[in-house]
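Reviewing the structure listed below.
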Amino acid sequence: MANTVGIQDAVSQPGGSPLRKYQDLVVGSRSLGRLVAYELVVGLTSWVPGALGLLLRKISYPWILGAVGRNVVFGQGVTLRHPGKIRLGDDVVVDDLVLLDAKGESNHGIDIGSGVFLGRGTILSCKNGDILLGDRSNLGFHCEIFSGSSVKVGRHGLFAAYAYLVGGGHEWERLDVPVLEQGRSSKGITLGDDVWLGTGAKVLDGVSVGSRVVVGANAVVNQDLPDGVVAAGIPAKVLRSR
């Protein structure tokens with residue numbers, strides 16, 4: 001079980017200038033060169049609309065990202081945090097207003113396979129955790145993956161809008177301390193190949209889902225699911241096999 005640090009803690013730590021905190025939380029490096037590159041790329045290209053914006057981001061985003069494959073498309077308003085720990089394969093589409101946040105002190109970050117589509121408003125967020133999306137995964141509008149340790153999604157994953165993988169949470173046992181101040185914990189999440197999550201489906205921390213699984217809309221998966229089943233409900237129950 002990994003402990004993670006909240007943004008509030010990092011911002012409120014004594015010492016350090018606002019610029020240092022910005023570099024630590026957003027840029028992911030205290031190098032002046034990395035800061036300048038980040039500001040130029042994001043400030044000059046992230047907001048530009050139309051075909052010109054697509055071209056500018058296609059050229060400039062690889063300058064600050066960890067790795068970028070061939071034929072990658074970045075939409076308007078894409079937000080990058082700790083971009084040096086974000087790696088994308090070939091033929092990836094990152095739609096408008098996507099957030100890729102690889103924040104952490106010792107994590108590997110975000111790895112996105114080839115042929116992946118990230119729908120508008122989708123959030124991939126690390127708090128010292130890692131996220132791995134397998135090839136040909138397709139995430140609909142406003143999906144979210146949070147990782148405080150490790151979240152792995154196999155190939156051909158299909159997430160409908162508002163699906164959410166909750167790879168971590170707050171400790172809450174003590175009554176004399178607010179939940180917000182009790183720290184975070186994470187066991188991680190693993191999804192096999194060819195998993196379809198319906199609209200609004202949620203997979204909670206510590207869960208392993210097998211391959212070729214279908215999860216119904218708005219289901220809450222709080223326990224492991226074997227290969228080749230259909231599950232639905234709150235909490236999700238296996239209804240039948242495929």
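All residue names refer to the structure tokens as shown: chains lettered A, B, ... in order, residues numbered from 1 in each chain, ligands numbered from 1 in order.
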### Task
Name all residues at most 12 Å from Ser241 (chain A) (count only C-alpha atoms; drop same-chain ones fewer than 6 positions away) and give them as a list of chain:residue names.
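Answer for this query is A:Ser211, A:Arg212, A:Val213, A:Val214, A:Val215, A:Leu225, A:Pro226, A:Asp227, A:Gly228, A:Val229, A:Val230, A:Ala231.
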### Message
What's around Gln76 (chain A) at 8 Å? Count only C-alpha atoms, leave out sequence neighbours fewer than 4 positions away in its own chain, and write the answer as number ranges by chain.
### Response
A: 46-49, 53-54, 95-97
### Message
Would you pick out the contacts of region 111-113 of chain A at 12 Å or less, using only C-alpha atoms, so that residues sharing its chain but fewer than 5 positions from it are not included, and give the list as JSON, numbers by chain?
### Response
{"A": [65, 66, 67, 68, 69, 70, 72, 83, 84, 85, 86, 87, 88, 89, 90, 91, 92, 93, 94, 100, 101, 102, 118, 124, 126, 129, 130, 131, 132, 133, 134, 135, 136, 137, 138, 139, 150, 151, 152, 153, 154, 155, 156, 157]}
Store the residues picked out above, limited to C-alpha atoms, as a PDB file, in the first residue's frame.
```
ATOM      1  CA  LEU A  65       7.180  15.117 -23.439  1.00  0.00           C
ATOM      2  CA  GLY A  66       9.117  11.992 -22.513  1.00  0.00           C
ATOM      3  CA  ALA A  67       8.413  10.248 -25.826  1.00  0.00           C
ATOM      4  CA  VAL A  68       5.986  10.745 -28.718  1.00  0.00           C
ATOM      5  CA  GLY A  69       5.371   8.302 -31.546  1.00  0.00           C
ATOM      6  CA  ARG A  70       4.317   8.959 -35.128  1.00  0.00           C
ATOM      7  CA  VAL A  72       0.035  11.883 -32.709  1.00  0.00           C
ATOM      8  CA  PRO A  83       5.463  16.087 -19.147  1.00  0.00           C
ATOM      9  CA  GLY A  84       8.900  14.441 -19.081  1.00  0.00           C
ATOM     10  CA  LYS A  85       7.211  11.372 -17.535  1.00  0.00           C
ATOM     11  CA  ILE A  86       4.526  11.089 -20.214  1.00  0.00           C
ATOM     12  CA  ARG A  87       5.130   8.732 -23.155  1.00  0.00           C
ATOM     13  CA  LEU A  88       2.809   8.174 -26.130  1.00  0.00           C
ATOM     14  CA  GLY A  89       2.900   5.558 -28.871  1.00  0.00           C
ATOM     15  CA  ASP A  90       1.969   5.912 -32.535  1.00  0.00           C
ATOM     16  CA  ASP A  91      -1.406   7.139 -33.843  1.00  0.00           C
ATOM     17  CA  VAL A  92      -2.621   8.537 -30.516  1.00  0.00           C
ATOM     18  CA  VAL A  93      -5.406  11.135 -30.432  1.00  0.00           C
ATOM     19  CA  VAL A  94      -5.565  13.453 -27.405  1.00  0.00           C
ATOM     20  CA  LEU A 100      -2.259  14.361 -18.539  1.00  0.00           C
ATOM     21  CA  ASP A 101      -0.801  14.675 -15.041  1.00  0.00           C
ATOM     22  CA  ALA A 102       2.193  12.432 -14.271  1.00  0.00           C
ATOM     23  CA  LEU A 118      -8.533  10.022 -25.230  1.00  0.00           C
ATOM     24  CA  LEU A 124      -5.222  10.858 -16.356  1.00  0.00           C
ATOM     25  CA  CYS A 126      -0.994  10.458 -10.943  1.00  0.00           C
ATOM     26  CA  GLY A 129       1.622   6.553  -9.192  1.00  0.00           C
ATOM     27  CA  ASP A 130       1.810   5.106 -12.686  1.00  0.00           C
ATOM     28  CA  ILE A 131      -0.772   4.684 -15.453  1.00  0.00           C
ATOM     29  CA  LEU A 132      -0.423   2.267 -18.367  1.00  0.00           C
ATOM     30  CA  LEU A 133      -2.943   2.234 -21.228  1.00  0.00           C
ATOM     31  CA  GLY A 134      -2.649  -0.676 -23.648  1.00  0.00           C
ATOM     32  CA  ASP A 135      -2.755  -0.379 -27.434  1.00  0.00           C
ATOM     33  CA  ARG A 136      -6.059   0.543 -29.099  1.00  0.00           C
ATOM     34  CA  SER A 137      -7.734   1.685 -25.884  1.00  0.00           C
ATOM     35  CA  ASN A 138     -10.596   4.135 -26.394  1.00  0.00           C
ATOM     36  CA  LEU A 139     -11.691   6.459 -23.582  1.00  0.00           C
ATOM     37  CA  SER A 150      -0.354   1.548 -10.360  1.00  0.00           C
ATOM     38  CA  VAL A 151      -3.289   1.420 -12.792  1.00  0.00           C
ATOM     39  CA  LYS A 152      -2.905  -0.877 -15.791  1.00  0.00           C
ATOM     40  CA  VAL A 153      -5.415  -1.150 -18.639  1.00  0.00           C
ATOM     41  CA  GLY A 154      -4.943  -3.879 -21.235  1.00  0.00           C
ATOM     42  CA  ARG A 155      -5.351  -3.656 -24.984  1.00  0.00           C
ATOM     43  CA  HIS A 156      -8.626  -2.722 -26.681  1.00  0.00           C
ATOM     44  CA  GLY A 157     -10.156  -1.204 -23.556  1.00  0.00           C
TER      45      GLY A 157
END
```
### Message
One number please: CA of Asn107 (chain A) to CA of Arg184 (chain A), in Å, one decimal.
### Response
15.7 Å
### Task
Enumerate the residues of region 131-206 of chain A with a DSSP assignment of strand (DSSP E), computed from the backbone, and present them as a PyMOL selection string.
chain A and resi 131-133+138-139+144-147+150-153+158-159+164-167+169-170+184-185+189-191+196-197+202-203
Output N, CA and C atoms for every residue in that selection, as a CSV table (one decimal), in the first residue's frame.
```csv
chain,number,residue,atom,x,y,z
A,131,ILE,N,0.4,5.1,-14.6
A,131,ILE,CA,-0.8,4.7,-15.5
A,131,ILE,C,-0.3,4.1,-16.8
A,132,LEU,N,-0.8,2.9,-17.1
A,132,LEU,CA,-0.4,2.3,-18.4
A,132,LEU,C,-1.7,2.0,-19.1
A,133,LEU,N,-1.8,2.5,-20.3
A,133,LEU,CA,-2.9,2.2,-21.2
A,133,LEU,C,-2.4,1.4,-22.4
A,138,ASN,N,-9.8,3.0,-26.0
A,138,ASN,CA,-10.6,4.1,-26.4
A,138,ASN,C,-11.4,4.6,-25.2
A,139,LEU,N,-11.0,5.8,-24.7
A,139,LEU,CA,-11.7,6.5,-23.6
A,139,LEU,C,-12.6,7.6,-24.1
A,144,GLU,N,-12.0,9.4,-16.3
A,144,GLU,CA,-10.9,9.7,-15.4
A,144,GLU,C,-10.2,8.4,-14.9
A,145,ILE,N,-8.9,8.5,-14.9
A,145,ILE,CA,-8.1,7.5,-14.3
A,145,ILE,C,-7.2,8.1,-13.3
A,146,PHE,N,-7.3,7.7,-12.0
A,146,PHE,CA,-6.5,8.2,-10.9
A,146,PHE,C,-5.6,7.1,-10.4
A,147,SER,N,-4.3,7.4,-10.2
A,147,SER,CA,-3.4,6.4,-9.7
A,147,SER,C,-2.5,6.9,-8.6
A,150,SER,N,-0.4,2.1,-9.0
A,150,SER,CA,-0.4,1.5,-10.4
A,150,SER,C,-1.7,1.2,-10.9
A,151,VAL,N,-2.1,1.8,-12.1
A,151,VAL,CA,-3.3,1.4,-12.8
A,151,VAL,C,-2.9,0.9,-14.2
A,152,LYS,N,-3.3,-0.3,-14.5
A,152,LYS,CA,-2.9,-0.9,-15.8
A,152,LYS,C,-4.2,-1.3,-16.5
A,153,VAL,N,-4.3,-0.8,-17.8
A,153,VAL,CA,-5.4,-1.1,-18.6
A,153,VAL,C,-4.9,-1.9,-19.8
A,158,LEU,N,-12.4,-0.3,-23.8
A,158,LEU,CA,-13.4,0.6,-24.3
A,158,LEU,C,-14.2,1.2,-23.1
A,159,PHE,N,-14.0,2.5,-22.9
A,159,PHE,CA,-14.6,3.2,-21.8
A,159,PHE,C,-15.6,4.2,-22.3
A,164,TYR,N,-14.7,5.8,-14.6
A,164,TYR,CA,-13.7,6.3,-13.6
A,164,TYR,C,-13.0,5.1,-13.0
A,165,LEU,N,-11.7,5.1,-13.1
A,165,LEU,CA,-10.9,4.1,-12.3
A,165,LEU,C,-10.3,4.9,-11.1
A,166,VAL,N,-10.7,4.4,-9.9
A,166,VAL,CA,-10.3,5.2,-8.7
A,166,VAL,C,-9.1,4.4,-8.0
A,167,GLY,N,-7.9,4.7,-8.5
A,167,GLY,CA,-6.8,3.9,-8.0
A,167,GLY,C,-6.1,4.5,-6.7
A,169,GLY,N,-7.3,6.2,-2.4
A,169,GLY,CA,-8.3,6.9,-1.6
A,169,GLY,C,-7.7,7.4,-0.3
A,170,HIS,N,-8.6,7.9,0.5
A,170,HIS,CA,-8.2,8.5,1.8
A,170,HIS,C,-8.3,7.4,2.9
A,184,ARG,N,-3.3,9.4,2.3
A,184,ARG,CA,-3.8,8.6,1.2
A,184,ARG,C,-3.2,7.2,1.1
A,185,SER,N,-3.9,6.3,0.5
A,185,SER,CA,-3.4,5.0,0.3
A,185,SER,C,-3.8,4.5,-1.1
A,189,ILE,N,-5.0,-0.9,-9.5
A,189,ILE,CA,-6.1,-1.5,-10.3
A,189,ILE,C,-5.5,-2.1,-11.6
A,190,THR,N,-6.0,-3.3,-12.0
A,190,THR,CA,-5.6,-3.9,-13.2
A,190,THR,C,-6.8,-4.4,-14.0
A,191,LEU,N,-6.8,-4.0,-15.3
A,191,LEU,CA,-7.8,-4.4,-16.2
A,191,LEU,C,-7.2,-5.2,-17.3
A,196,TRP,N,-14.9,-3.6,-21.5
A,196,TRP,CA,-15.9,-2.5,-21.9
A,196,TRP,C,-16.5,-2.0,-20.6
A,197,LEU,N,-16.3,-0.7,-20.3
A,197,LEU,CA,-17.0,-0.1,-19.1
A,197,LEU,C,-18.1,0.8,-19.7
A,202,LYS,N,-17.6,2.7,-12.5
A,202,LYS,CA,-16.5,3.0,-11.6
A,202,LYS,C,-15.8,1.7,-11.2
A,203,VAL,N,-14.5,1.7,-11.2
A,203,VAL,CA,-13.7,0.5,-10.7
A,203,VAL,C,-12.9,1.1,-9.5
```
### Message
As an exercise, work out the distance from CA of Leu35 (chain A) to CA of Leu55 (chain A) in Å and give it to one decimal place.
### Response
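Between CA of Leu35 (chain A) and CA of Leu55 (chain A) the gap is 22.2 Å.
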